[in-house]
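Trainee: For reference, the file upload.cif (mmCIF, C-alpha atoms) is included below:
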data_start
#
loop_
_atom_site.group_PDB
_atom_site.id
_atom_site.type_symbol
_atom_site.label_atom_id
_atom_site.label_comp_id
_atom_site.auth_asym_id
_atom_site.auth_seq_id
_atom_site.Cartn_x
_atom_site.Cartn_y
_atom_site.Cartn_z
ATOM 1 C CA MET A 1145 -6.185 -5.670 23.683
ATOM 2 C CA SER A 1146 -4.216 -6.622 20.613
ATOM 3 C CA THR A 1147 -1.405 -9.084 21.056
ATOM 4 C CA ASP A 1148 1.927 -9.371 19.342
ATOM 5 C CA ARG A 1149 1.082 -12.019 16.763
ATOM 6 C CA PHE A 1150 4.605 -12.807 15.574
ATOM 7 C CA PRO A 1151 7.373 -13.430 18.113
ATOM 8 C CA LEU A 1152 10.497 -11.328 17.901
ATOM 9 C CA PRO A 1153 13.534 -13.317 16.702
ATOM 10 C CA GLN A 1154 16.688 -13.693 18.748
ATOM 11 C CA LEU A 1155 19.619 -11.544 17.596
ATOM 12 C CA ASP A 1156 22.011 -14.500 17.485
ATOM 13 C CA GLY A 1157 19.817 -16.307 14.943
ATOM 14 C CA LEU A 1158 19.800 -13.473 12.379
ATOM 15 C CA PRO A 1159 22.032 -13.048 9.309
ATOM 16 C CA ALA A 1160 25.298 -11.296 10.227
ATOM 17 C CA ASP A 1161 24.565 -8.050 8.333
ATOM 18 C CA ILE A 1162 21.191 -7.648 10.019
ATOM 19 C CA ARG A 1163 22.540 -8.570 13.450
ATOM 20 C CA ASP A 1164 25.349 -6.003 13.029
ATOM 21 C CA ASN A 1165 22.811 -3.366 11.956
ATOM 22 C CA LEU A 1166 20.643 -4.054 14.999
ATOM 23 C CA LEU A 1167 23.602 -4.057 17.388
ATOM 24 C CA ALA A 1168 24.644 -0.659 16.004
ATOM 25 C CA VAL A 1169 21.136 0.675 16.632
ATOM 26 C CA GLN A 1170 21.201 -0.799 20.143
ATOM 27 C CA SER A 1171 24.563 0.818 20.835
ATOM 28 C CA LYS A 1172 23.252 4.243 19.794
ATOM 29 C CA ALA A 1173 19.716 4.096 21.230
ATOM 30 C CA GLY A 1174 20.232 1.767 24.168
ATOM 31 C CA PHE A 1175 17.675 -0.720 22.828
ATOM 32 C CA VAL A 1176 16.583 -2.365 19.573
ATOM 33 C CA PRO A 1177 13.271 -0.951 18.302
ATOM 34 C CA ASN A 1178 10.698 -3.716 17.930
ATOM 35 C CA VAL A 1179 10.008 -2.765 14.307
ATOM 36 C CA PHE A 1180 13.534 -3.809 13.341
ATOM 37 C CA LEU A 1181 13.333 -7.077 15.240
ATOM 38 C CA LYS A 1182 9.894 -7.808 13.817
ATOM 39 C CA LEU A 1183 11.004 -7.189 10.242
ATOM 40 C CA ALA A 1184 14.247 -9.129 10.763
ATOM 41 C CA ARG A 1185 12.239 -12.355 10.761
ATOM 42 C CA ARG A 1186 12.170 -11.839 6.983
ATOM 43 C CA PRO A 1187 15.707 -10.718 6.059
ATOM 44 C CA GLU A 1188 15.064 -9.631 2.465
ATOM 45 C CA GLU A 1189 12.064 -7.545 3.495
ATOM 46 C CA PHE A 1190 14.063 -6.072 6.389
ATOM 47 C CA ARG A 1191 16.850 -4.981 4.041
ATOM 48 C CA ALA A 1192 14.392 -3.449 1.551
ATOM 49 C CA PHE A 1193 12.370 -1.698 4.266
ATOM 50 C CA VAL A 1194 15.420 -0.211 5.979
ATOM 51 C CA ALA A 1195 16.959 0.897 2.667
ATOM 52 C CA TYR A 1196 13.785 2.693 1.569
ATOM 53 C CA HIS A 1197 13.163 4.125 5.047
ATOM 54 C CA ASP A 1198 16.679 5.547 5.142
ATOM 55 C CA ALA A 1199 16.432 6.876 1.579
ATOM 56 C CA LEU A 1200 13.306 8.819 2.575
ATOM 57 C CA MET A 1201 14.098 9.864 6.121
ATOM 58 C CA LEU A 1202 17.854 10.525 6.123
ATOM 59 C CA LYS A 1203 18.330 12.304 2.807
ATOM 60 C CA GLU A 1204 19.234 15.935 2.376
ATOM 61 C CA GLY A 1205 16.634 18.091 0.690
ATOM 62 C CA GLY A 1206 13.964 20.698 1.193
ATOM 63 C CA LEU A 1207 12.453 18.938 4.210
ATOM 64 C CA SER A 1208 14.177 18.890 7.571
ATOM 65 C CA LYS A 1209 14.426 15.664 9.559
ATOM 66 C CA SER A 1210 11.889 17.157 11.949
ATOM 67 C CA GLU A 1211 9.420 17.885 9.132
ATOM 68 C CA ARG A 1212 9.806 14.322 7.857
ATOM 69 C CA GLU A 1213 8.935 13.004 11.322
ATOM 70 C CA MET A 1214 5.936 15.365 11.491
ATOM 71 C CA ILE A 1215 4.572 13.688 8.375
ATOM 72 C CA VAL A 1216 5.053 10.241 9.905
ATOM 73 C CA VAL A 1217 3.390 11.135 13.208
ATOM 74 C CA ALA A 1218 0.396 12.932 11.686
ATOM 75 C CA THR A 1219 -0.353 10.285 9.065
ATOM 76 C CA SER A 1220 0.278 7.437 11.507
ATOM 77 C CA GLY A 1221 -2.187 9.050 13.901
ATOM 78 C CA ALA A 1222 -4.767 9.163 11.130
ATOM 79 C CA ASN A 1223 -4.063 5.483 10.410
ATOM 80 C CA ASN A 1224 -4.316 4.597 14.124
ATOM 81 C CA CYS A 1225 -0.852 3.066 14.217
ATOM 82 C CA LEU A 1226 0.197 2.905 17.847
ATOM 83 C CA TYR A 1227 3.728 1.758 17.033
ATOM 84 C CA CYS A 1228 4.569 4.568 14.607
ATOM 85 C CA VAL A 1229 2.875 7.308 16.638
ATOM 86 C CA VAL A 1230 4.798 6.344 19.763
ATOM 87 C CA ALA A 1231 8.176 5.578 18.145
ATOM 88 C CA HIS A 1232 8.253 8.443 15.656
ATOM 89 C CA GLY A 1233 6.604 10.750 18.163
ATOM 90 C CA ALA A 1234 9.649 10.192 20.387
ATOM 91 C CA ILE A 1235 12.006 11.043 17.532
ATOM 92 C CA LEU A 1236 9.980 14.139 16.658
ATOM 93 C CA ARG A 1237 9.978 15.372 20.263
ATOM 94 C CA ILE A 1238 13.761 15.066 20.325
ATOM 95 C CA TYR A 1239 14.283 16.806 16.957
ATOM 96 C CA GLN A 1240 11.871 19.627 17.817
ATOM 97 C CA LYS A 1241 12.886 19.868 21.467
ATOM 98 C CA ASP A 1242 9.145 20.086 22.101
ATOM 99 C CA PRO A 1243 7.393 17.555 24.358
ATOM 100 C CA LEU A 1244 3.926 18.528 23.037
ATOM 101 C CA ILE A 1245 4.162 18.515 19.233
ATOM 102 C CA ALA A 1246 3.917 14.769 18.626
ATOM 103 C CA ASP A 1247 0.741 14.356 20.668
ATOM 104 C CA GLN A 1248 -0.826 17.353 18.940
ATOM 105 C CA LEU A 1249 -0.016 16.008 15.474
ATOM 106 C CA ALA A 1250 -1.186 12.491 16.242
ATOM 107 C CA ILE A 1251 -4.520 13.528 17.750
ATOM 108 C CA ASN A 1252 -5.564 16.563 15.691
ATOM 109 C CA TRP A 1253 -2.902 18.046 13.438
ATOM 110 C CA ARG A 1254 -5.138 21.030 12.641
ATOM 111 C CA LYS A 1255 -4.747 22.230 16.240
ATOM 112 C CA ALA A 1256 -1.011 21.547 16.462
ATOM 113 C CA ALA A 1257 1.451 24.401 16.891
ATOM 114 C CA LEU A 1258 2.550 24.433 13.246
ATOM 115 C CA THR A 1259 3.870 27.155 10.997
ATOM 116 C CA PRO A 1260 1.807 27.901 7.870
ATOM 117 C CA ARG A 1261 4.460 26.007 5.860
ATOM 118 C CA GLN A 1262 4.197 22.942 8.096
ATOM 119 C CA HIS A 1263 0.404 23.124 7.996
ATOM 120 C CA ALA A 1264 0.455 23.011 4.182
ATOM 121 C CA MET A 1265 2.911 20.095 4.265
ATOM 122 C CA ILE A 1266 0.786 18.076 6.702
ATOM 123 C CA ALA A 1267 -2.436 18.844 4.805
ATOM 124 C CA PHE A 1268 -0.837 17.438 1.638
ATOM 125 C CA ALA A 1269 0.557 14.402 3.495
ATOM 126 C CA MET A 1270 -2.826 13.659 5.064
ATOM 127 C CA LYS A 1271 -4.495 13.781 1.673
ATOM 128 C CA ILE A 1272 -1.890 11.321 0.355
ATOM 129 C CA ALA A 1273 -2.436 9.022 3.344
ATOM 130 C CA LEU A 1274 -6.227 9.120 3.334
ATOM 131 C CA ASP A 1275 -7.484 10.127 -0.132
ATOM 132 C CA SER A 1276 -4.617 10.143 -2.628
ATOM 133 C CA ARG A 1277 -6.941 9.813 -5.621
ATOM 134 C CA ALA A 1278 -8.124 13.371 -4.895
ATOM 135 C CA ILE A 1279 -4.663 14.965 -5.232
ATOM 136 C CA ASP A 1280 -4.764 17.594 -7.970
ATOM 137 C CA ASP A 1281 -2.981 20.727 -9.202
ATOM 138 C CA PRO A 1282 -4.349 23.006 -6.441
ATOM 139 C CA ASP A 1283 -2.658 20.786 -3.861
ATOM 140 C CA PHE A 1284 0.699 21.360 -5.538
ATOM 141 C CA ARG A 1285 0.028 25.097 -5.901
ATOM 142 C CA GLU A 1286 -0.604 25.293 -2.148
ATOM 143 C CA LEU A 1287 2.741 23.626 -1.467
ATOM 144 C CA HIS A 1288 4.507 25.933 -3.922
ATOM 145 C CA ALA A 1289 2.955 28.964 -2.187
ATOM 146 C CA HIS A 1290 4.767 27.860 0.980
ATOM 147 C CA GLY A 1291 8.139 27.392 -0.696
ATOM 148 C CA PHE A 1292 8.012 23.680 -1.422
ATOM 149 C CA THR A 1293 9.325 22.416 -4.751
ATOM 150 C CA ASP A 1294 7.935 19.546 -6.793
ATOM 151 C CA GLU A 1295 10.783 17.406 -5.423
ATOM 152 C CA ASP A 1296 9.678 18.301 -1.893
ATOM 153 C CA ALA A 1297 6.122 17.302 -2.835
ATOM 154 C CA TRP A 1298 7.467 13.955 -4.046
ATOM 155 C CA ASP A 1299 9.229 13.492 -0.694
ATOM 156 C CA ILE A 1300 6.095 14.382 1.274
ATOM 157 C CA ALA A 1301 4.035 11.953 -0.812
ATOM 158 C CA SER A 1302 6.636 9.186 -0.555
ATOM 159 C CA ILE A 1303 6.927 9.471 3.214
ATOM 160 C CA ALA A 1304 3.151 9.493 3.682
ATOM 161 C CA ALA A 1305 2.729 6.511 1.337
ATOM 162 C CA PHE A 1306 5.604 4.491 2.827
ATOM 163 C CA PHE A 1307 4.314 4.964 6.341
ATOM 164 C CA ALA A 1308 0.736 4.167 5.297
ATOM 165 C CA MET A 1309 2.127 0.759 4.294
ATOM 166 C CA SER A 1310 4.163 0.530 7.487
ATOM 167 C CA ASN A 1311 1.121 1.510 9.607
ATOM 168 C CA ARG A 1312 -0.976 -1.204 8.051
ATOM 169 C CA LEU A 1313 1.697 -3.852 8.542
ATOM 170 C CA ALA A 1314 2.344 -2.792 12.158
ATOM 171 C CA ASN A 1315 -1.387 -2.969 12.897
ATOM 172 C CA ALA A 1316 -1.795 -6.336 11.162
ATOM 173 C CA VAL A 1317 1.052 -8.039 13.020
ATOM 174 C CA GLY A 1318 0.259 -6.503 16.412
ATOM 175 C CA MET A 1319 3.530 -4.583 16.660
ATOM 176 C CA MET A 1320 3.904 -2.862 20.014
ATOM 177 C CA PRO A 1321 6.223 0.064 20.772
ATOM 178 C CA ASN A 1322 9.193 -0.438 23.050
ATOM 179 C CA PRO A 1323 8.512 1.058 26.493
ATOM 180 C CA GLU A 1324 11.615 3.259 26.118
ATOM 181 C CA PHE A 1325 9.919 5.350 23.418
ATOM 182 C CA TYR A 1326 7.203 6.715 25.709
ATOM 183 C CA LEU A 1327 9.429 9.024 27.754
ATOM 184 C CA MET A 1328 11.932 9.982 25.067
ATOM 185 C CA GLY A 1329 11.873 13.722 24.454
ATOM 186 C CA ARG A 1330 9.538 14.242 27.425
ATOM 187 C CA VAL A 1331 11.975 14.024 30.305
ATOM 188 C CA PRO A 1332 15.653 15.013 30.385
ATOM 189 C CA ARG A 1333 17.994 12.254 29.298
ATOM 190 C CA GLU A 1334 20.253 10.789 31.967
ATOM 191 C CA LYS A 1335 23.849 11.941 31.654
ATOM 192 C CA LYS A 1336 26.366 9.149 31.094
ATOM 193 C CA ALA A 1337 29.075 8.997 33.735
#
As structure tokens, what does this structure read like?

Mentor:
Amino acid sequence: MSTDRFPLPQLDGLPADIRDNLLAVQSKAGFVPNVFLKLARRPEEFRAFVAYHDALMLKEGGLSKSEREMIVVATSGANNCLYCVVAHGAILRIYQKDPLIADQLAINWRKAALTPRQHAMIAFAMKIALDSRAIDDPDFRELHAHGFTDEDAWDIASIAAFFAMSNRLANAVGMMPNPEFYLMGRVPREKKA
């Protein structure tokens, strides 16, 4: 079994802006995702990673937040990234209100309950993640046939490429998902009193 090769830093030892960011995440989610703590050991890289992540995943555009997470889960499954499959699978289950979709995408996206549009999107993302040198005009025509614009194609490619990097880093440093992620979107959330 792989071990966590780099210890997580303590919140009180981090720069104030990063500590505040992590405390805000903890307040909303109930815990601090290990990816943020792991990256916080290198503050400049943390800031750059979070800024690019947010630019890709939180922007308005032709892709829904759910579709963006589908790309992450499918490509992370192909890259065998336990952290991203589990963490982003939880987010996807919540967005989709579907406890099955993340597992389907991570294991065999071709058998997942996808619309034709989503299938075309994931096929393009998988090609970016696994064989980007083979991307050609027919790949874009297929996206266009399903209503995606060139800007949407850029977003799909950027998300797949960003998470390919993230998958590789998570695997290299032995990043493990927080236990909280495993049940998110699978069982009803406890009501706060």

Trainee: So how many Å separate CA of Asp1247 (chain A) and CA of Ala1304 (chain A), to one decimal?

Mentor: 17.8 Å

Trainee: At a cut-off of 10 Å, can you tabulate as a tab-separated table every residue of region 1212-1231 of chain A near region 1175-1182 of chain A together with its closest atom pair and the distance in Å to one decimal, using all atoms listed in the file and ordering rows by chain then number?

Mentor:
residue	atom	partner	partner_atom	distance
A:Tyr1227	CA	A:Val1179	CA	8.2
A:Cys1228	CA	A:Val1179	CA	9.1
A:Ala1231	CA	A:Pro1177	CA	8.3

Trainee: Using C-alpha atoms, can you write the selected residues to a file as a PDB file, keeping the file's coordinate frame?

Mentor:
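Dumped to selection_34.pdb:
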ATOM      1  CA  TYR A1227       3.728   1.758  17.033  1.00  0.00           C
ATOM      2  CA  CYS A1228       4.569   4.568  14.607  1.00  0.00           C
ATOM      3  CA  ALA A1231       8.176   5.578  18.145  1.00  0.00           C
TER       4      ALA A1231
END

Trainee: Give me the result of the PyMOL selection byres ((chain A and resi 1310-1319) around 8) on this file, residue by residue, as an mmCIF file with C-alpha atoms, in the coordinates of the input.

Mentor:
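Output contents, as saved in expr27.cif:
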data_model
loop_
_atom_site.group_PDB
_atom_site.id
_atom_site.type_symbol
_atom_site.label_atom_id
_atom_site.label_comp_id
_atom_site.auth_asym_id
_atom_site.auth_seq_id
_atom_site.Cartn_x
_atom_site.Cartn_y
_atom_site.Cartn_z
ATOM 1 C CA SER A 1146 -4.216 -6.622 20.613
ATOM 2 C CA THR A 1147 -1.405 -9.084 21.056
ATOM 3 C CA ASP A 1148 1.927 -9.371 19.342
ATOM 4 C CA ARG A 1149 1.082 -12.019 16.763
ATOM 5 C CA PHE A 1150 4.605 -12.807 15.574
ATOM 6 C CA ASN A 1178 10.698 -3.716 17.930
ATOM 7 C CA VAL A 1179 10.008 -2.765 14.307
ATOM 8 C CA LYS A 1182 9.894 -7.808 13.817
ATOM 9 C CA SER A 1220 0.278 7.437 11.507
ATOM 10 C CA ASN A 1223 -4.063 5.483 10.410
ATOM 11 C CA ASN A 1224 -4.316 4.597 14.124
ATOM 12 C CA CYS A 1225 -0.852 3.066 14.217
ATOM 13 C CA LEU A 1226 0.197 2.905 17.847
ATOM 14 C CA TYR A 1227 3.728 1.758 17.033
ATOM 15 C CA CYS A 1228 4.569 4.568 14.607
ATOM 16 C CA PHE A 1306 5.604 4.491 2.827
ATOM 17 C CA PHE A 1307 4.314 4.964 6.341
ATOM 18 C CA ALA A 1308 0.736 4.167 5.297
ATOM 19 C CA MET A 1309 2.127 0.759 4.294
ATOM 20 C CA MET A 1320 3.904 -2.862 20.014
ATOM 21 C CA PRO A 1321 6.223 0.064 20.772
#

Trainee: Quick one: residues within 12 Å of His1288 (chain A), all atoms listed in the file, excluding same-chain residues fewer than 5 positions away - as a PyMOL selection string?

Mentor: chain A and resi 1206+1261+1264-1265+1268+1281-1283+1293-1297

Trainee: One decimal, Å: what's the distance from CA of Gln1262 (chain A) over to CA of Ala1192 (chain A), could you say?

Mentor: 29.0 Å

Trainee: Run the PyMOL selection byres ((chain A and resi 1270) around 12) against the file shown and list the residues it catches, as a ChimeraX atom specification.

Mentor: /A:1214-1223,1249-1250,1252-1254,1263-1269,1271-1276,1278-1279,1283,1300-1305,1307-1308

Trainee: For C-alpha atoms, I'd like the residues from the last selection saved as a compact mmCIF listing (two decimals), in the frame of the given file.

Mentor:
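Everything below was put into again_18.txt:
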# COMPACT_ATOMS: atom_id res chain seq x y z
CA MET A 1214 5.94 15.36 11.49
CA ILE A 1215 4.57 13.69 8.38
CA VAL A 1216 5.05 10.24 9.90
CA VAL A 1217 3.39 11.14 13.21
CA ALA A 1218 0.40 12.93 11.69
CA THR A 1219 -0.35 10.28 9.06
CA SER A 1220 0.28 7.44 11.51
CA GLY A 1221 -2.19 9.05 13.90
CA ALA A 1222 -4.77 9.16 11.13
CA ASN A 1223 -4.06 5.48 10.41
CA LEU A 1249 -0.02 16.01 15.47
CA ALA A 1250 -1.19 12.49 16.24
CA ASN A 1252 -5.56 16.56 15.69
CA TRP A 1253 -2.90 18.05 13.44
CA ARG A 1254 -5.14 21.03 12.64
CA HIS A 1263 0.40 23.12 8.00
CA ALA A 1264 0.46 23.01 4.18
CA MET A 1265 2.91 20.10 4.26
CA ILE A 1266 0.79 18.08 6.70
CA ALA A 1267 -2.44 18.84 4.80
CA PHE A 1268 -0.84 17.44 1.64
CA ALA A 1269 0.56 14.40 3.50
CA LYS A 1271 -4.50 13.78 1.67
CA ILE A 1272 -1.89 11.32 0.36
CA ALA A 1273 -2.44 9.02 3.34
CA LEU A 1274 -6.23 9.12 3.33
CA ASP A 1275 -7.48 10.13 -0.13
CA SER A 1276 -4.62 10.14 -2.63
CA ALA A 1278 -8.12 13.37 -4.89
CA ILE A 1279 -4.66 14.96 -5.23
CA ASP A 1283 -2.66 20.79 -3.86
CA ILE A 1300 6.10 14.38 1.27
CA ALA A 1301 4.04 11.95 -0.81
CA SER A 1302 6.64 9.19 -0.56
CA ILE A 1303 6.93 9.47 3.21
CA ALA A 1304 3.15 9.49 3.68
CA ALA A 1305 2.73 6.51 1.34
CA PHE A 1307 4.31 4.96 6.34
CA ALA A 1308 0.74 4.17 5.30

Trainee: Env of region 1187-1190 of chain A: 12 Å cut, atoms = all atoms listed in the file, seq-sep filter 4 positions within chain, self excluded. Answer as a PyMOL selection string.

Mentor: chain A and resi 1153+1157-1163+1165-1166+1179-1183+1194-1198+1310

Trainee: Selected residues, C-alpha atoms, written as a short mmCIF file (atom, residue, chain, number, x, y, z; two decimals), keeping the file's coordinate frame, please.

Mentor:
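The result, stored in selection.cif:
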data_model
loop_
_atom_site.label_atom_id
_atom_site.label_comp_id
_atom_site.auth_asym_id
_atom_site.auth_seq_id
_atom_site.Cartn_x
_atom_site.Cartn_y
_atom_site.Cartn_z
CA PRO A 1153 13.53 -13.32 16.70
CA GLY A 1157 19.82 -16.31 14.94
CA LEU A 1158 19.80 -13.47 12.38
CA PRO A 1159 22.03 -13.05 9.31
CA ALA A 1160 25.30 -11.30 10.23
CA ASP A 1161 24.56 -8.05 8.33
CA ILE A 1162 21.19 -7.65 10.02
CA ARG A 1163 22.54 -8.57 13.45
CA ASN A 1165 22.81 -3.37 11.96
CA LEU A 1166 20.64 -4.05 15.00
CA VAL A 1179 10.01 -2.76 14.31
CA PHE A 1180 13.53 -3.81 13.34
CA LEU A 1181 13.33 -7.08 15.24
CA LYS A 1182 9.89 -7.81 13.82
CA LEU A 1183 11.00 -7.19 10.24
CA VAL A 1194 15.42 -0.21 5.98
CA ALA A 1195 16.96 0.90 2.67
CA TYR A 1196 13.78 2.69 1.57
CA HIS A 1197 13.16 4.12 5.05
CA ASP A 1198 16.68 5.55 5.14
CA SER A 1310 4.16 0.53 7.49
#

Trainee: Box for region 1203-1220 of chain A: with edges along x, y and z, all listed atoms inside and 6 Å added on each side, what are the centre and edge lengths in Å to one decimal, as AutoDock Vina command-line options?

Mentor:
--center_x 9.4 --center_y 14.1 --center_z 6.9 --size_x 31.6 --size_y 25.3 --size_z 24.5

Trainee: Tell me, in Å to one decimal, how far CA of Ile1245 (chain A) is from CA of Met1328 (chain A).

Mentor: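 Straight-line distance from CA of Ile1245 (chain A) to CA of Met1328 (chain A) works out to 12.9 Å.
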